[in-house]
file model_10.pdb (PDB, C-alpha atoms, pLDDT in the B column)
ATOM      1  CA  MET A  43      12.760  15.411  17.644  1.00 57.00           C
ATOM      2  CA  ALA A  44       9.115  14.457  18.098  1.00 61.00           C
ATOM      3  CA  ARG A  45       6.479  15.162  15.481  1.00 57.00           C
ATOM      4  CA  THR A  46       4.097  18.041  15.953  1.00 69.00           C
ATOM      5  CA  ASP A  47       1.097  16.023  14.730  1.00 75.00           C
ATOM      6  CA  ASN A  48      -0.432  12.613  15.430  1.00 77.00           C
ATOM      7  CA  LEU A  49       0.903  10.126  12.926  1.00 79.00           C
ATOM      8  CA  TYR A  50      -1.847   7.621  13.779  1.00 81.00           C
ATOM      9  CA  GLU A  51      -4.785   9.894  12.926  1.00 86.00           C
ATOM     10  CA  LEU A  52      -5.896  11.539   9.712  1.00 88.00           C
ATOM     11  CA  PRO A  53      -6.106  15.327   9.927  1.00 86.00           C
ATOM     12  CA  LYS A  54      -9.462  16.896   9.152  1.00 88.00           C
ATOM     13  CA  ASP A  55      -9.989  18.519   5.757  1.00 88.00           C
ATOM     14  CA  LEU A  56      -7.425  16.511   3.800  1.00 92.00           C
ATOM     15  CA  PRO A  57      -7.737  17.068   0.045  1.00 94.00           C
ATOM     16  CA  VAL A  58      -9.548  14.185  -1.635  1.00 95.00           C
ATOM     17  CA  PRO A  59      -7.648  12.593  -4.536  1.00 97.00           C
ATOM     18  CA  GLN A  60      -9.509  12.445  -7.835  1.00 96.00           C
ATOM     19  CA  ASP A  61      -9.489   9.518 -10.257  1.00 97.00           C
ATOM     20  CA  ASP A  62      -7.159  10.707 -13.005  1.00 97.00           C
ATOM     21  CA  GLY A  63      -7.402   7.438 -14.952  1.00 98.00           C
ATOM     22  CA  ALA A  64      -3.774   6.575 -14.183  1.00 98.00           C
ATOM     23  CA  CYS A  65      -4.708   3.020 -13.121  1.00 98.00           C
ATOM     24  CA  ASP A  66      -7.343   2.245 -15.773  1.00 98.00           C
ATOM     25  CA  HIS A  67      -4.916  -0.080 -17.594  1.00 98.00           C
ATOM     26  CA  LEU A  68      -4.269  -2.354 -14.600  1.00 98.00           C
ATOM     27  CA  ALA A  69      -7.414  -4.511 -14.280  1.00 97.00           C
ATOM     28  CA  GLY A  70      -6.816  -7.897 -15.918  1.00 98.00           C
ATOM     29  CA  MET A  71      -3.060  -7.349 -16.247  1.00 98.00           C
ATOM     30  CA  LYS A  72      -0.752 -10.324 -15.666  1.00 97.00           C
ATOM     31  CA  LEU A  73       2.046  -9.194 -13.385  1.00 97.00           C
ATOM     32  CA  PRO A  74       5.585  -9.341 -14.720  1.00 97.00           C
ATOM     33  CA  SER A  75       8.075 -11.445 -12.763  1.00 98.00           C
ATOM     34  CA  ILE A  76       9.811  -8.973 -10.432  1.00 98.00           C
ATOM     35  CA  ALA A  77      11.313 -10.088  -7.124  1.00 98.00           C
ATOM     36  CA  LEU A  78      10.964  -7.513  -4.345  1.00 98.00           C
ATOM     37  CA  PRO A  79      12.784  -7.574  -0.993  1.00 98.00           C
ATOM     38  CA  SER A  80      10.525  -8.099   2.014  1.00 98.00           C
ATOM     39  CA  THR A  81      10.818  -7.153   5.655  1.00 98.00           C
ATOM     40  CA  ARG A  82      11.324 -10.855   6.460  1.00 97.00           C
ATOM     41  CA  GLY A  83      14.560 -10.878   4.461  1.00 97.00           C
ATOM     42  CA  GLN A  84      13.263 -12.816   1.487  1.00 97.00           C
ATOM     43  CA  MET A  85      12.519 -11.963  -2.118  1.00 98.00           C
ATOM     44  CA  VAL A  86       8.839 -12.071  -3.128  1.00 98.00           C
ATOM     45  CA  ASP A  87       7.686 -12.393  -6.740  1.00 98.00           C
ATOM     46  CA  LEU A  88       4.009 -11.403  -6.690  1.00 97.00           C
ATOM     47  CA  SER A  89       3.455 -12.895 -10.158  1.00 97.00           C
ATOM     48  CA  LYS A  90       4.156 -16.377  -8.825  1.00 96.00           C
ATOM     49  CA  LEU A  91       1.782 -16.343  -5.817  1.00 95.00           C
ATOM     50  CA  ARG A  92      -1.291 -18.535  -5.881  1.00 91.00           C
ATOM     51  CA  GLY A  93      -4.639 -17.719  -4.374  1.00 90.00           C
ATOM     52  CA  GLY A  94      -5.950 -14.269  -3.593  1.00 94.00           C
ATOM     53  CA  THR A  95      -3.306 -11.684  -2.737  1.00 97.00           C
ATOM     54  CA  VAL A  96      -3.970  -8.174  -1.431  1.00 98.00           C
ATOM     55  CA  ILE A  97      -1.274  -5.555  -1.989  1.00 98.00           C
ATOM     56  CA  TYR A  98      -1.832  -2.099  -0.615  1.00 98.00           C
ATOM     57  CA  ILE A  99       0.616   0.313  -2.181  1.00 98.00           C
ATOM     58  CA  TYR A 100       1.270   3.504  -0.253  1.00 98.00           C
ATOM     59  CA  PRO A 101       3.593   6.517  -0.594  1.00 98.00           C
ATOM     60  CA  ARG A 102       5.597   6.161   2.653  1.00 95.00           C
ATOM     61  CA  THR A 103       5.131   5.439   6.320  1.00 92.00           C
ATOM     62  CA  GLY A 104       6.038   8.216   8.680  1.00 88.00           C
ATOM     63  CA  ARG A 105       7.978   7.882  11.905  1.00 88.00           C
ATOM     64  CA  PRO A 106       7.241   9.412  15.296  1.00 86.00           C
ATOM     65  CA  ASP A 107      10.652  11.131  15.321  1.00 86.00           C
ATOM     66  CA  GLN A 108      10.374  12.730  11.863  1.00 86.00           C
ATOM     67  CA  GLU A 109       8.233  15.500  10.465  1.00 87.00           C
ATOM     68  CA  VAL A 110       6.221  14.890   7.311  1.00 88.00           C
ATOM     69  CA  PRO A 111       7.655  15.904   3.917  1.00 92.00           C
ATOM     70  CA  THR A 112       7.071  19.450   2.677  1.00 92.00           C
ATOM     71  CA  GLY A 113       3.382  20.125   1.981  1.00 93.00           C
ATOM     72  CA  TRP A 114       2.470  16.489   2.742  1.00 94.00           C
ATOM     73  CA  ASN A 115      -1.024  17.250   4.061  1.00 92.00           C
ATOM     74  CA  GLU A 116      -1.815  19.319   0.949  1.00 95.00           C
ATOM     75  CA  ILE A 117      -0.952  16.557  -1.538  1.00 95.00           C
ATOM     76  CA  PRO A 118      -4.202  14.720  -2.349  1.00 96.00           C
ATOM     77  CA  GLY A 119      -3.939  11.118  -1.150  1.00 95.00           C
ATOM     78  CA  ALA A 120      -0.466  11.391   0.386  1.00 95.00           C
ATOM     79  CA  ARG A 121      -1.362  11.416   4.079  1.00 93.00           C
ATOM     80  CA  GLY A 122      -2.596   8.296   5.847  1.00 94.00           C
ATOM     81  CA  CYS A 123      -0.060   5.493   5.329  1.00 94.00           C
ATOM     82  CA  THR A 124       0.169   4.626   9.026  1.00 94.00           C
ATOM     83  CA  PRO A 125      -3.622   4.602   9.571  1.00 96.00           C
ATOM     84  CA  GLN A 126      -3.982   2.457   6.421  1.00 97.00           C
ATOM     85  CA  SER A 127      -1.347  -0.023   7.629  1.00 97.00           C
ATOM     86  CA  CYS A 128      -2.976  -0.180  11.068  1.00 96.00           C
ATOM     87  CA  ALA A 129      -6.370  -0.885   9.460  1.00 98.00           C
ATOM     88  CA  PHE A 130      -4.913  -3.760   7.430  1.00 98.00           C
ATOM     89  CA  ARG A 131      -3.323  -5.032  10.656  1.00 98.00           C
ATOM     90  CA  ASP A 132      -6.578  -4.747  12.596  1.00 98.00           C
ATOM     91  CA  HIS A 133      -8.584  -6.480   9.826  1.00 98.00           C
ATOM     92  CA  TYR A 134      -5.913  -9.052   8.930  1.00 98.00           C
ATOM     93  CA  GLU A 135      -7.860 -12.101  10.166  1.00 98.00           C
ATOM     94  CA  GLU A 136     -11.033 -10.863   8.422  1.00 97.00           C
ATOM     95  CA  LEU A 137      -9.077 -10.444   5.190  1.00 98.00           C
ATOM     96  CA  LYS A 138      -7.824 -14.019   5.464  1.00 96.00           C
ATOM     97  CA  ARG A 139     -11.352 -15.328   6.147  1.00 96.00           C
ATOM     98  CA  ALA A 140     -12.651 -13.333   3.165  1.00 96.00           C
ATOM     99  CA  GLY A 141     -10.210 -15.079   0.827  1.00 94.00           C
ATOM    100  CA  ALA A 142      -6.880 -13.248   1.014  1.00 96.00           C
ATOM    101  CA  ALA A 143      -4.196 -15.939   1.076  1.00 96.00           C
ATOM    102  CA  GLN A 144      -1.552 -13.210   1.422  1.00 97.00           C
ATOM    103  CA  VAL A 145      -1.510  -9.534   2.377  1.00 98.00           C
ATOM    104  CA  PHE A 146       1.417  -7.221   1.623  1.00 98.00           C
ATOM    105  CA  GLY A 147       2.125  -3.534   1.928  1.00 98.00           C
ATOM    106  CA  LEU A 148       4.427  -1.989  -0.688  1.00 98.00           C
ATOM    107  CA  SER A 149       6.291   1.319  -0.792  1.00 98.00           C
ATOM    108  CA  THR A 150       9.508   2.771  -2.191  1.00 97.00           C
ATOM    109  CA  GLN A 151      11.165   2.845   1.233  1.00 96.00           C
ATOM    110  CA  ASP A 152      14.012   0.390   1.806  1.00 96.00           C
ATOM    111  CA  SER A 153      13.452  -2.778   3.849  1.00 96.00           C
ATOM    112  CA  ALA A 154      15.382  -1.478   6.875  1.00 95.00           C
ATOM    113  CA  TYR A 155      13.073   1.555   7.093  1.00 95.00           C
ATOM    114  CA  GLN A 156      10.041  -0.677   6.574  1.00 97.00           C
ATOM    115  CA  ARG A 157      11.164  -3.131   9.299  1.00 97.00           C
ATOM    116  CA  GLU A 158      10.935  -0.322  11.852  1.00 95.00           C
ATOM    117  CA  ALA A 159       7.304   0.234  10.811  1.00 96.00           C
ATOM    118  CA  VAL A 160       6.502  -3.507  10.958  1.00 97.00           C
ATOM    119  CA  GLU A 161       7.884  -3.708  14.499  1.00 97.00           C
ATOM    120  CA  ARG A 162       6.407  -0.439  15.791  1.00 95.00           C
ATOM    121  CA  LEU A 163       2.963  -1.084  14.282  1.00 96.00           C
ATOM    122  CA  HIS A 164       2.974  -4.859  15.019  1.00 98.00           C
ATOM    123  CA  LEU A 165       2.098  -5.743  11.428  1.00 98.00           C
ATOM    124  CA  PRO A 166       1.370  -9.473  10.955  1.00 98.00           C
ATOM    125  CA  PHE A 167       2.320  -9.333   7.259  1.00 98.00           C
ATOM    126  CA  GLU A 168       5.356  -8.387   5.224  1.00 98.00           C
ATOM    127  CA  LEU A 169       6.097  -5.044   3.611  1.00 98.00           C
ATOM    128  CA  LEU A 170       7.752  -5.096   0.192  1.00 98.00           C
ATOM    129  CA  SER A 171      10.280  -2.545  -1.001  1.00 98.00           C
ATOM    130  CA  ASP A 172      10.142  -1.107  -4.511  1.00 98.00           C
ATOM    131  CA  GLU A 173      13.043   1.212  -3.716  1.00 97.00           C
ATOM    132  CA  LYS A 174      14.304   1.088  -7.313  1.00 97.00           C
ATOM    133  CA  LEU A 175      10.762   1.582  -8.717  1.00 98.00           C
ATOM    134  CA  ALA A 176      11.068  -1.584 -10.858  1.00 98.00           C
ATOM    135  CA  PHE A 177       7.529  -2.729  -9.986  1.00 98.00           C
ATOM    136  CA  ALA A 178       6.069   0.776 -10.356  1.00 98.00           C
ATOM    137  CA  ARG A 179       7.667   1.282 -13.768  1.00 98.00           C
ATOM    138  CA  ALA A 180       6.743  -2.187 -15.066  1.00 98.00           C
ATOM    139  CA  LEU A 181       3.081  -1.622 -14.163  1.00 98.00           C
ATOM    140  CA  GLU A 182       3.166   2.101 -15.081  1.00 98.00           C
ATOM    141  CA  LEU A 183       1.864   3.030 -11.624  1.00 98.00           C
ATOM    142  CA  PRO A 184       1.195   6.708 -10.925  1.00 98.00           C
ATOM    143  CA  THR A 185       3.924   8.428  -8.917  1.00 98.00           C
ATOM    144  CA  PHE A 186       4.661  11.843  -7.468  1.00 97.00           C
ATOM    145  CA  GLU A 187       7.757  13.591  -6.178  1.00 97.00           C
ATOM    146  CA  VAL A 188       8.241  15.425  -2.892  1.00 97.00           C
ATOM    147  CA  ASP A 189      11.461  16.507  -1.164  1.00 96.00           C
ATOM    148  CA  GLY A 190      13.507  14.656  -3.801  1.00 95.00           C
ATOM    149  CA  MET A 191      11.680  11.344  -3.180  1.00 96.00           C
ATOM    150  CA  MET A 192       9.810   9.566  -5.968  1.00 97.00           C
ATOM    151  CA  LEU A 193       6.759   7.943  -4.350  1.00 98.00           C
ATOM    152  CA  ILE A 194       3.927   5.762  -5.624  1.00 98.00           C
ATOM    153  CA  LYS A 195       0.381   7.048  -5.291  1.00 98.00           C
ATOM    154  CA  ARG A 196      -1.915   5.045  -3.001  1.00 98.00           C
ATOM    155  CA  ILE A 197      -3.396   2.021  -4.822  1.00 98.00           C
ATOM    156  CA  THR A 198      -4.673  -1.348  -3.629  1.00 98.00           C
ATOM    157  CA  LEU A 199      -4.544  -4.380  -5.903  1.00 98.00           C
ATOM    158  CA  ILE A 200      -6.220  -7.738  -5.493  1.00 98.00           C
ATOM    159  CA  LEU A 201      -4.413 -10.472  -7.394  1.00 97.00           C
ATOM    160  CA  ARG A 202      -5.657 -13.898  -8.333  1.00 96.00           C
ATOM    161  CA  GLY A 203      -2.902 -16.161  -9.602  1.00 92.00           C
ATOM    162  CA  GLY A 204      -0.643 -13.269 -10.602  1.00 94.00           C
ATOM    163  CA  VAL A 205      -3.413 -11.403 -12.468  1.00 97.00           C
ATOM    164  CA  ILE A 206      -4.900  -8.127 -11.219  1.00 98.00           C
ATOM    165  CA  ALA A 207      -8.556  -8.874 -10.442  1.00 97.00           C
ATOM    166  CA  LYS A 208      -9.444  -5.557  -8.754  1.00 98.00           C
ATOM    167  CA  VAL A 209      -7.916  -2.089  -8.504  1.00 98.00           C
ATOM    168  CA  PHE A 210      -8.815   0.385  -5.773  1.00 98.00           C
ATOM    169  CA  TYR A 211      -7.741   3.845  -6.974  1.00 98.00           C
ATOM    170  CA  PRO A 212      -7.834   6.449  -5.710  1.00 98.00           C
ATOM    171  CA  VAL A 213      -7.911   5.162  -2.142  1.00 98.00           C
ATOM    172  CA  PHE A 214      -9.567   7.603   0.260  1.00 97.00           C
ATOM    173  CA  PRO A 215      -9.838   7.724   3.153  1.00 96.00           C
ATOM    174  CA  PRO A 216      -6.954   5.292   3.580  1.00 97.00           C
ATOM    175  CA  ASP A 217      -8.060   4.033   6.991  1.00 96.00           C
ATOM    176  CA  ARG A 218     -11.237   2.565   5.420  1.00 97.00           C
ATOM    177  CA  ASN A 219      -9.473   0.727   2.596  1.00 98.00           C
ATOM    178  CA  ALA A 220      -9.139  -2.610   4.440  1.00 98.00           C
ATOM    179  CA  SER A 221     -12.913  -2.685   5.058  1.00 98.00           C
ATOM    180  CA  GLU A 222     -13.562  -1.932   1.369  1.00 98.00           C
ATOM    181  CA  VAL A 223     -11.264  -4.793   0.372  1.00 98.00           C
ATOM    182  CA  ILE A 224     -13.050  -7.195   2.754  1.00 97.00           C
ATOM    183  CA  ALA A 225     -16.424  -6.166   1.296  1.00 97.00           C
ATOM    184  CA  TRP A 226     -15.179  -6.720  -2.273  1.00 97.00           C
ATOM    185  CA  LEU A 227     -13.658 -10.102  -1.397  1.00 96.00           C
ATOM    186  CA  GLY A 228     -16.919 -11.152   0.264  1.00 94.00           C
ATOM    187  CA  ILE A 229     -18.914 -10.450  -2.914  1.00 94.00           C
ATOM    188  CA  ASN A 230     -16.269 -11.747  -5.349  1.00 93.00           C
ATOM    189  CA  ARG A 231     -15.233 -15.081  -3.887  1.00 79.00           C
ATOM    190  CA  THR A 232     -13.721 -17.695  -6.201  1.00 62.00           C
TER     191      THR A 232
END

call {"tool": "encode", "arguments": {"input": "model_10.pdb", "output": "structure tokens"}}
result
Amino acid sequence: MARTDNLYELPKDLPVPQDDGACDHLAGMKLPSIALPSTRGQMVDLSKLRGGTVIYIYPRTGRPDQEVPTGWNEIPGARGCTPQSCAFRDHYEELKRAGAAQVFGLSTQDSAYQREAVERLHLPFELLSDEKLAFARALELPTFEVDGMMLIKRITLILRGGVIAKVFYPVFPPDRNASEVIAWLGINRT
């Protein structure tokens, strides 16, 4: 069954998420050692990576053959995972030039589901699965529930040597997040 909307575009009049302070504790935090499965079949421990690392955390990528969860477009900040991923794909080389040694996407979907998105969207970077919410719980990331799924709210983190140097939250509109990250990296080079 095909979707009734365009998964690659943001609908007009989406509700804008407000900063509820749920990520205020993250800046300066040293990441705990948690290995997450990646779409390349390896385990990635973000706390052990050197250099600048960009992690965009998103609720869930949609698929062309599936409708969105109940009320998805009415949940502030929920819609836009595919446009956000495509923007990080399209700006990948700029991100690297701006100082991102690594770029990752992260969601609670399992790696098999995420691999479909990597292939369909031609993503040049890995997606990480926090299916068991170990990373989200350890960092006390804001979550929400829809259709029985516990999902992480949209956040982008810039790490330097396993420490959170910058937090983008809330992220809106999601398709402009990669450009915002590039701008921040350009001003905050180390």

call {"tool": "residues_around", "arguments": {"input": "model_10.pdb", "residues": "A:Thr150", "least_positions_apart": "5", "cutoff": "8 Å", "atoms": "all atoms listed in the file", "output": "JSON, numbers by chain"}}
result
{"A": [101, 102, 171, 172, 173, 174, 175, 192, 193, 194]}

call {"tool": "closest_residue", "arguments": {"input": "model_10.pdb", "among": "A:Glu182, A:Glu222, A:Asp107, A:Asp47", "to": "A:Asp66", "atoms": "only C-alpha atoms"}}
result
A:Glu182

call {"tool": "axis_aligned_box", "arguments": {"input": "model_10.pdb", "around": "stretch 214-219 of chain A", "padding_each_side": "3 Å", "output": "lines of an AutoDock Vina configuration file"}}
result
center_x = -9.1
center_y = 4.2
center_z = 3.6
size_x = 10.3
size_y = 13.0
size_z = 12.7

call {"tool": "residues_around", "arguments": {"input": "model_10.pdb", "residues": "stretch 49-53 of chain A", "least_positions_apart": "4", "cutoff": "10 Å", "atoms": "all atoms listed in the file", "output": "MDAnalysis selection string"}}
result
chainID A and resid 45 103:106 108:110 115 121:128 163 215:217

call {"tool": "resolve_selection", "arguments": {"input": "model_10.pdb", "expression": "the PyMOL selection byres ((chain A and resi 70-77) around 9)", "output": "short mmCIF file (atom, residue, chain, number, x, y, z; two decimals) with C-alpha atoms, keeping the file's coordinate frame"}}
result
data_model
loop_
_atom_site.label_atom_id
_atom_site.label_comp_id
_atom_site.auth_asym_id
_atom_site.auth_seq_id
_atom_site.Cartn_x
_atom_site.Cartn_y
_atom_site.Cartn_z
CA HIS A 67 -4.92 -0.08 -17.59
CA LEU A 68 -4.27 -2.35 -14.60
CA ALA A 69 -7.41 -4.51 -14.28
CA LEU A 78 10.96 -7.51 -4.34
CA PRO A 79 12.78 -7.57 -0.99
CA MET A 85 12.52 -11.96 -2.12
CA VAL A 86 8.84 -12.07 -3.13
CA ASP A 87 7.69 -12.39 -6.74
CA LEU A 88 4.01 -11.40 -6.69
CA SER A 89 3.46 -12.90 -10.16
CA LYS A 90 4.16 -16.38 -8.82
CA ALA A 176 11.07 -1.58 -10.86
CA PHE A 177 7.53 -2.73 -9.99
CA ALA A 180 6.74 -2.19 -15.07
CA LEU A 181 3.08 -1.62 -14.16
CA LEU A 201 -4.41 -10.47 -7.39
CA GLY A 203 -2.90 -16.16 -9.60
CA GLY A 204 -0.64 -13.27 -10.60
CA VAL A 205 -3.41 -11.40 -12.47
CA ILE A 206 -4.90 -8.13 -11.22
CA ALA A 207 -8.56 -8.87 -10.44
CA LYS A 208 -9.44 -5.56 -8.75
#

call {"tool": "residues_around", "arguments": {"input": "model_10.pdb", "residues": "A:Lys138", "least_positions_apart": "2", "cutoff": "10 Å", "atoms": "all atoms listed in the file", "output": "VMD selection string"}}
result
chain A and resid 94 to 96 133 to 136 140 to 145 224 227

call {"tool": "build_atoms", "arguments": {"input": "model_10.pdb", "residues": "stretch 121-154 of chain A", "atoms": "N, CA and C atoms", "output": "mmCIF file, keeping the file's coordinate frame"}}
result
data_model
loop_
_atom_site.group_PDB
_atom_site.id
_atom_site.type_symbol
_atom_site.label_atom_id
_atom_site.label_comp_id
_atom_site.auth_asym_id
_atom_site.auth_seq_id
_atom_site.Cartn_x
_atom_site.Cartn_y
_atom_site.Cartn_z
ATOM 1 N N ARG A 121 -1.303 11.663 2.640
ATOM 2 C CA ARG A 121 -1.362 11.416 4.079
ATOM 3 C C ARG A 121 -2.216 10.191 4.394
ATOM 4 N N GLY A 122 -1.768 9.388 5.360
ATOM 5 C CA GLY A 122 -2.596 8.296 5.847
ATOM 6 C C GLY A 122 -1.991 6.919 5.744
ATOM 7 N N CYS A 123 -0.688 6.806 5.497
ATOM 8 C CA CYS A 123 -0.060 5.493 5.329
ATOM 9 C C CYS A 123 -0.073 4.690 6.621
ATOM 10 N N THR A 124 0.188 5.338 7.749
ATOM 11 C CA THR A 124 0.169 4.626 9.026
ATOM 12 C C THR A 124 -1.250 4.192 9.385
ATOM 13 N N PRO A 125 -2.264 5.077 9.303
ATOM 14 C CA PRO A 125 -3.622 4.602 9.571
ATOM 15 C C PRO A 125 -4.065 3.482 8.627
ATOM 16 N N GLN A 126 -3.636 3.519 7.361
ATOM 17 C CA GLN A 126 -3.982 2.457 6.421
ATOM 18 C C GLN A 126 -3.322 1.144 6.847
ATOM 19 N N SER A 127 -2.048 1.184 7.182
ATOM 20 C CA SER A 127 -1.347 -0.023 7.629
ATOM 21 C C SER A 127 -1.979 -0.590 8.890
ATOM 22 N N CYS A 128 -2.335 0.275 9.829
ATOM 23 C CA CYS A 128 -2.976 -0.180 11.068
ATOM 24 C C CYS A 128 -4.336 -0.821 10.782
ATOM 25 N N ALA A 129 -5.076 -0.298 9.814
ATOM 26 C CA ALA A 129 -6.370 -0.885 9.460
ATOM 27 C C ALA A 129 -6.182 -2.268 8.844
ATOM 28 N N PHE A 130 -5.179 -2.438 7.983
ATOM 29 C CA PHE A 130 -4.913 -3.760 7.430
ATOM 30 C C PHE A 130 -4.462 -4.719 8.535
ATOM 31 N N ARG A 131 -3.714 -4.217 9.494
ATOM 32 C CA ARG A 131 -3.323 -5.032 10.656
ATOM 33 C C ARG A 131 -4.558 -5.453 11.459
ATOM 34 N N ASP A 132 -5.406 -4.479 11.765
ATOM 35 C CA ASP A 132 -6.578 -4.747 12.596
ATOM 36 C C ASP A 132 -7.589 -5.667 11.922
ATOM 37 N N HIS A 133 -7.634 -5.653 10.587
ATOM 38 C CA HIS A 133 -8.584 -6.480 9.826
ATOM 39 C C HIS A 133 -7.920 -7.696 9.177
ATOM 40 N N TYR A 134 -6.687 -7.982 9.570
ATOM 41 C CA TYR A 134 -5.913 -9.052 8.930
ATOM 42 C C TYR A 134 -6.650 -10.393 8.944
ATOM 43 N N GLU A 135 -7.165 -10.806 10.074
ATOM 44 C CA GLU A 135 -7.860 -12.101 10.166
ATOM 45 C C GLU A 135 -9.131 -12.099 9.314
ATOM 46 N N GLU A 136 -9.843 -10.970 9.276
ATOM 47 C CA GLU A 136 -11.033 -10.863 8.422
ATOM 48 C C GLU A 136 -10.658 -10.975 6.944
ATOM 49 N N LEU A 137 -9.557 -10.364 6.568
ATOM 50 C CA LEU A 137 -9.077 -10.444 5.190
ATOM 51 C C LEU A 137 -8.786 -11.891 4.821
ATOM 52 N N LYS A 138 -8.139 -12.615 5.718
ATOM 53 C CA LYS A 138 -7.824 -14.019 5.464
ATOM 54 C C LYS A 138 -9.120 -14.834 5.314
ATOM 55 N N ARG A 139 -10.075 -14.598 6.218
ATOM 56 C CA ARG A 139 -11.352 -15.328 6.147
ATOM 57 C C ARG A 139 -12.113 -14.988 4.868
ATOM 58 N N ALA A 140 -11.945 -13.771 4.377
ATOM 59 C CA ALA A 140 -12.651 -13.333 3.165
ATOM 60 C C ALA A 140 -11.996 -13.858 1.886
ATOM 61 N N GLY A 141 -10.825 -14.487 2.010
ATOM 62 C CA GLY A 141 -10.210 -15.079 0.827
ATOM 63 C C GLY A 141 -8.826 -14.572 0.472
ATOM 64 N N ALA A 142 -8.238 -13.721 1.296
ATOM 65 C CA ALA A 142 -6.880 -13.248 1.014
ATOM 66 C C ALA A 142 -5.877 -14.269 1.549
ATOM 67 N N ALA A 143 -5.221 -14.978 0.654
ATOM 68 C CA ALA A 143 -4.196 -15.939 1.076
ATOM 69 C C ALA A 143 -2.965 -15.207 1.600
ATOM 70 N N GLN A 144 -2.680 -14.040 1.010
ATOM 71 C CA GLN A 144 -1.552 -13.210 1.422
ATOM 72 C C GLN A 144 -1.969 -11.749 1.433
ATOM 73 N N VAL A 145 -1.349 -10.987 2.331
ATOM 74 C CA VAL A 145 -1.510 -9.534 2.377
ATOM 75 C C VAL A 145 -0.111 -8.937 2.440
ATOM 76 N N PHE A 146 0.138 -7.924 1.622
ATOM 77 C CA PHE A 146 1.417 -7.221 1.623
ATOM 78 C C PHE A 146 1.160 -5.720 1.548
ATOM 79 N N GLY A 147 2.028 -4.964 2.175
ATOM 80 C CA GLY A 147 2.125 -3.534 1.928
ATOM 81 C C GLY A 147 3.324 -3.325 1.021
ATOM 82 N N LEU A 148 3.331 -2.259 0.236
ATOM 83 C CA LEU A 148 4.427 -1.989 -0.688
ATOM 84 C C LEU A 148 4.662 -0.491 -0.766
ATOM 85 N N SER A 149 5.918 -0.087 -0.623
ATOM 86 C CA SER A 149 6.291 1.319 -0.792
ATOM 87 C C SER A 149 7.685 1.385 -1.393
ATOM 88 N N THR A 150 8.171 2.597 -1.631
ATOM 89 C CA THR A 150 9.508 2.771 -2.191
ATOM 90 C C THR A 150 10.570 2.887 -1.101
ATOM 91 N N GLN A 151 10.186 2.787 0.150
ATOM 92 C CA GLN A 151 11.165 2.845 1.233
ATOM 93 C C GLN A 151 11.958 1.540 1.274
ATOM 94 N N ASP A 152 13.208 1.605 1.743
ATOM 95 C CA ASP A 152 14.012 0.390 1.806
ATOM 96 C C ASP A 152 13.519 -0.524 2.939
ATOM 97 N N SER A 153 13.938 -1.778 2.884
ATOM 98 C CA SER A 153 13.452 -2.778 3.849
ATOM 99 C C SER A 153 13.825 -2.442 5.286
ATOM 100 N N ALA A 154 14.983 -1.845 5.508
ATOM 101 C CA ALA A 154 15.382 -1.478 6.875
ATOM 102 C C ALA A 154 14.401 -0.450 7.443
#
